[in-house]
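**Student:** Handing you a structure now.
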Amino acid sequence: MSIIYRLRNIRKSYGQRTVLAIDDLAVRAGRLYTLTGANGSGKTTLLSILAFLTQPSSGELIYGGGPVRWNNASLLTPRREVTLLHQAPYLFNGSVAGNVAFGLRMRGIRGEEQHRRVEEALDLVGLAGFGQRRARELSGGEAQRVAMARALVLRPRVLLLDEPLANVDRQTSDLLEKLVVALPGQGTTVIMTTHDPEHPDRLGGELIHLVAGELAGPAPAAASPVKEGEYQKCRPLKKPAASFLTA
Ligand SMILES: Nc1ncnc2c1ncn2[C@@H]1O[C@H](COP(=O)(O)OP(=O)(O)OP(=O)(O)O)[C@@H](O)[C@H]1O
Ligand SMILES: [Mg+2]
C-alpha cells in the first residue's frame with residue numbers, strides 16, 4: 001500500500017523548547033492509526049503539521065509523493081485533501097446545517113448536492129433532523145457530533161481527528177467509532193488521537209505513540225511490516241479494522 005506521508009527529521013520548537021522530534025515516520029494511505037501519548041507529548045502539534053497548519057521548525061514532510069512547500073499557494077490543494085477535526089471544535093453562529101455545509105460552500109458545492117450531503121452526514125452521526133437547530137444551543141456531545149459531520153461531509157483523503165470521542169457518551173462514542181473504523185475501507189487515511197487505553201486494540205489499525213515529542217513503540221521496530229529503514233515505531237495491531245457495514 002502506498003505511503004501518503006513521510007516525515008524525516010521533523011522538529012518543532014517553541015523558543016528553546018523542542019516539542020516534537022520525529023526522525024522517521026511513514027503513514028500509509030487508507031489505513032487507520034491511533035495516536036497516543038500523555039498530555040503535552042506532541043499529538044496535536046503532529047496533527048497540525050500533518051494538516052499543513054503548523055510549519056515544522058526543520059525537517060522534511062513528504063505528502064502524496066512530493067515534499068511539502070510551505071507557502072499558501074502550494075498548500076491550497078493539500079489543505080483541501082486533508083481535514084483536521086480540532087480537539088475543541090468551534091461551531092459558527094447559525095444553524096447546524098450551515099455549519100456542516102461550510103467546507104462544501106468553500107469548495108463550490110451548493111444547491112441540491114450540498115443539501116443531500118449535509119443530510120447524509122448528519123444522519124451518519126445520529127443527528128438526522130437537527131439541521132435547523134442553532135449550533136450554539138447544542139450540548140457538548142451534540143456539538144462534537146456536528147463537528148464530526150462537518151469533517152465527514154468533505155469526504156477527505158486524510159482525516160485527522162484530535163480526541164473526537166473525549167466528550168461524548170458511550171452510545172455516541174460507539175457510533176462514531178464505527179464510522180471511523182469504516183473510513184479506511186472507503187479509501188480515507190485516518191489518524192485519531194485518544195487517551196482511552198482500550199482504543200488502539202479495539203479500533204485495530206496501527207499505533208503511533210509519542211513520549212515527550214518522540215516516537216516510542218511498545219513493540220520493537222522490527223515487528224513493523226514496513227521495509228527496513230522506512231520507519232518506525234508504529235505497532236501493528238492484530239485485529240483488522242472492522243467495517244460497521246459488515247458488522
Ligand atoms: N503555540 C505554542 N507555543 C508554545 N508552546 C506550545 C505551543 N503549542 C504547543 N506547545 C507546547 O508543545 C507541547 C505539545 O503540545 P500538544 O498540544 O501537541 O500536546 P498534546 O499531546 O496534544 O497534549 P494533550 O493531550 O493535552 O492535548 C506542550 O508542552 C505545549 O505546551
Ligand atoms: Mg492535544
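Residue numbering restarts at 1 in every chain; chains get A, B, ... in the order shown in the C-alpha cells, and ligands count up from 1 in that same order.
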Residues of chain A that approach ligand 2 to 9 Å or less, counting only C-alpha atoms and all ligand atoms: could you list each one with the shortest pair of atoms and its distance in Å to one decimal, rows by chain and increasing residue number, as JSON lines?
**Tutor:**
```
{"residue": "A:Asn39", "atom": "CA", "partner": "ligand 2", "partner_atom_place_in_ligand_line": "1 (Mg)", "distance": 6.8}
{"residue": "A:Gly40", "atom": "CA", "partner": "ligand 2", "partner_atom_place_in_ligand_line": "1 (Mg)", "distance": 6.9}
{"residue": "A:Ser41", "atom": "CA", "partner": "ligand 2", "partner_atom_place_in_ligand_line": "1 (Mg)", "distance": 8.2}
{"residue": "A:Gly42", "atom": "CA", "partner": "ligand 2", "partner_atom_place_in_ligand_line": "1 (Mg)", "distance": 7.0}
{"residue": "A:Lys43", "atom": "CA", "partner": "ligand 2", "partner_atom_place_in_ligand_line": "1 (Mg)", "distance": 5.4}
{"residue": "A:Thr44", "atom": "CA", "partner": "ligand 2", "partner_atom_place_in_ligand_line": "1 (Mg)", "distance": 4.1}
{"residue": "A:Thr45", "atom": "CA", "partner": "ligand 2", "partner_atom_place_in_ligand_line": "1 (Mg)", "distance": 7.3}
{"residue": "A:Leu47", "atom": "CA", "partner": "ligand 2", "partner_atom_place_in_ligand_line": "1 (Mg)", "distance": 8.8}
{"residue": "A:His86", "atom": "CA", "partner": "ligand 2", "partner_atom_place_in_ligand_line": "1 (Mg)", "distance": 8.8}
{"residue": "A:Gln87", "atom": "CA", "partner": "ligand 2", "partner_atom_place_in_ligand_line": "1 (Mg)", "distance": 6.3}
{"residue": "A:Asp162", "atom": "CA", "partner": "ligand 2", "partner_atom_place_in_ligand_line": "1 (Mg)", "distance": 6.7}
{"residue": "A:Glu163", "atom": "CA", "partner": "ligand 2", "partner_atom_place_in_ligand_line": "1 (Mg)", "distance": 7.6}
{"residue": "A:Thr193", "atom": "CA", "partner": "ligand 2", "partner_atom_place_in_ligand_line": "1 (Mg)", "distance": 7.9}
```
**Student:** Per residue of chain A within 12 Å of ligand 1, note the shortest atom pair and the distance in Å to one decimal, counting only C-alpha atoms and all ligand atoms, and order the rows by chain and increasing residue number, as a tab-separated table.
**Tutor:**
```
residue	atom	partner	partner_atom_place_in_ligand_line	distance
A:Arg11	CA	ligand 1	12 (O)	11.5
A:Lys12	CA	ligand 1	12 (O)	8.5
A:Ser13	CA	ligand 1	5 (N)	7.9
A:Tyr14	CA	ligand 1	4 (C)	5.1
A:Gly15	CA	ligand 1	4 (C)	7.7
A:Gln16	CA	ligand 1	4 (C)	10.1
A:Arg17	CA	ligand 1	5 (N)	7.9
A:Thr18	CA	ligand 1	12 (O)	7.8
A:Val19	CA	ligand 1	12 (O)	4.8
A:Leu20	CA	ligand 1	14 (C)	7.3
A:Ala21	CA	ligand 1	14 (C)	10.9
A:Leu35	CA	ligand 1	21 (O)	9.1
A:Thr36	CA	ligand 1	21 (O)	7.8
A:Gly37	CA	ligand 1	21 (O)	6.0
A:Ala38	CA	ligand 1	25 (O)	5.6
A:Asn39	CA	ligand 1	25 (O)	3.4
A:Gly40	CA	ligand 1	19 (O)	3.4
A:Ser41	CA	ligand 1	21 (O)	3.9
A:Gly42	CA	ligand 1	18 (O)	3.2
A:Lys43	CA	ligand 1	21 (O)	3.8
A:Thr44	CA	ligand 1	22 (O)	3.7
A:Thr45	CA	ligand 1	18 (O)	3.7
A:Leu46	CA	ligand 1	18 (O)	6.5
A:Leu47	CA	ligand 1	18 (O)	8.1
A:Ser48	CA	ligand 1	18 (O)	8.3
A:Ile49	CA	ligand 1	18 (O)	10.0
A:Leu53	CA	ligand 1	1 (N)	11.7
A:Thr54	CA	ligand 1	1 (N)	9.4
A:Gln55	CA	ligand 1	1 (N)	11.5
A:Pro56	CA	ligand 1	8 (N)	11.9
A:His86	CA	ligand 1	27 (O)	10.2
A:Gln87	CA	ligand 1	27 (O)	7.2
A:Ala88	CA	ligand 1	27 (O)	9.7
A:Leu161	CA	ligand 1	22 (O)	11.3
A:Asp162	CA	ligand 1	22 (O)	7.9
A:Glu163	CA	ligand 1	27 (O)	8.0
A:Pro164	CA	ligand 1	27 (O)	11.5
A:Ala166	CA	ligand 1	27 (O)	10.7
A:Met192	CA	ligand 1	22 (O)	11.3
A:Thr193	CA	ligand 1	22 (O)	8.2
A:Thr194	CA	ligand 1	25 (O)	8.1
A:His195	CA	ligand 1	25 (O)	7.4
A:Asp196	CA	ligand 1	25 (O)	11.2
A:Ile208	CA	ligand 1	21 (O)	11.9
A:His209	CA	ligand 1	21 (O)	10.0
A:Leu210	CA	ligand 1	21 (O)	7.8
A:Val211	CA	ligand 1	21 (O)	8.8
A:Ala212	CA	ligand 1	14 (C)	7.9
A:Gly213	CA	ligand 1	14 (C)	7.1
A:Glu214	CA	ligand 1	21 (O)	10.8
A:Leu215	CA	ligand 1	21 (O)	12.0
```
**Student:** List every residue of segment 166-219 of chain A that DSSP, applied to the backbone of this structure, assigns to strand (DSSP E), and report them as an mmCIF file with N, CA and C atoms, in the first residue's frame.
**Tutor:**
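Dumped to out.cif:
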```cif
data_model
loop_
_atom_site.group_PDB
_atom_site.id
_atom_site.type_symbol
_atom_site.label_atom_id
_atom_site.label_comp_id
_atom_site.auth_asym_id
_atom_site.auth_seq_id
_atom_site.Cartn_x
_atom_site.Cartn_y
_atom_site.Cartn_z
ATOM 1 N N THR A 189 -7.479 7.838 4.757
ATOM 2 C CA THR A 189 -6.468 7.602 5.788
ATOM 3 C C THR A 189 -6.918 8.338 7.042
ATOM 4 N N VAL A 190 -6.897 7.650 8.175
ATOM 5 C CA VAL A 190 -7.384 8.251 9.415
ATOM 6 C C VAL A 190 -6.299 8.195 10.480
ATOM 7 N N ILE A 191 -6.076 9.336 11.129
ATOM 8 C CA ILE A 191 -5.204 9.356 12.310
ATOM 9 C C ILE A 191 -6.006 9.988 13.433
ATOM 10 N N MET A 192 -6.159 9.248 14.513
ATOM 11 C CA MET A 192 -7.031 9.703 15.597
ATOM 12 C C MET A 192 -6.293 9.662 16.928
ATOM 13 N N THR A 193 -6.309 10.783 17.637
ATOM 14 C CA THR A 193 -5.695 10.773 18.963
ATOM 15 C C THR A 193 -6.715 10.297 19.984
ATOM 16 N N GLU A 206 -3.043 0.774 13.345
ATOM 17 C CA GLU A 206 -1.682 0.836 13.880
ATOM 18 C C GLU A 206 -1.585 1.921 14.930
ATOM 19 N N LEU A 207 -0.590 1.782 15.781
ATOM 20 C CA LEU A 207 -0.447 2.713 16.895
ATOM 21 C C LEU A 207 0.794 3.585 16.702
ATOM 22 N N ILE A 208 0.611 4.874 16.843
ATOM 23 C CA ILE A 208 1.748 5.801 16.913
ATOM 24 C C ILE A 208 1.738 6.350 18.332
ATOM 25 N N HIS A 209 2.794 6.101 19.064
ATOM 26 C CA HIS A 209 2.826 6.526 20.460
ATOM 27 C C HIS A 209 3.950 7.547 20.649
ATOM 28 N N LEU A 210 3.599 8.675 21.269
ATOM 29 C CA LEU A 210 4.587 9.730 21.493
ATOM 30 C C LEU A 210 4.933 9.821 22.973
ATOM 31 N N VAL A 211 6.205 9.963 23.231
ATOM 32 C CA VAL A 211 6.663 10.255 24.591
ATOM 33 C C VAL A 211 7.545 11.490 24.484
ATOM 34 N N GLU A 214 8.658 12.382 21.047
ATOM 35 C CA GLU A 214 9.379 11.405 20.222
ATOM 36 C C GLU A 214 8.561 10.126 20.069
ATOM 37 N N LEU A 215 8.787 9.450 18.939
ATOM 38 C CA LEU A 215 8.116 8.171 18.720
ATOM 39 C C LEU A 215 8.610 7.151 19.724
#
```
**Student:** Excluding Phe130 of chain A and residues on its chain fewer than 6 positions from it, collect all residues at most 10 Å away from it, counting only C-alpha atoms, and give them as a VMD selection string.
**Tutor:** chain A and resid 95 to 97 119 122 to 123 138 142 146
**Student:** Would you work out the distance separating atom CA of Glu177 of chain A from atom CA of Asp201 of chain A, expressed in Å to one decimal?
**Tutor:**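 According to the coordinates, atom CA of Glu177 of chain A and atom CA of Asp201 of chain A are separated by 12.4 Å.
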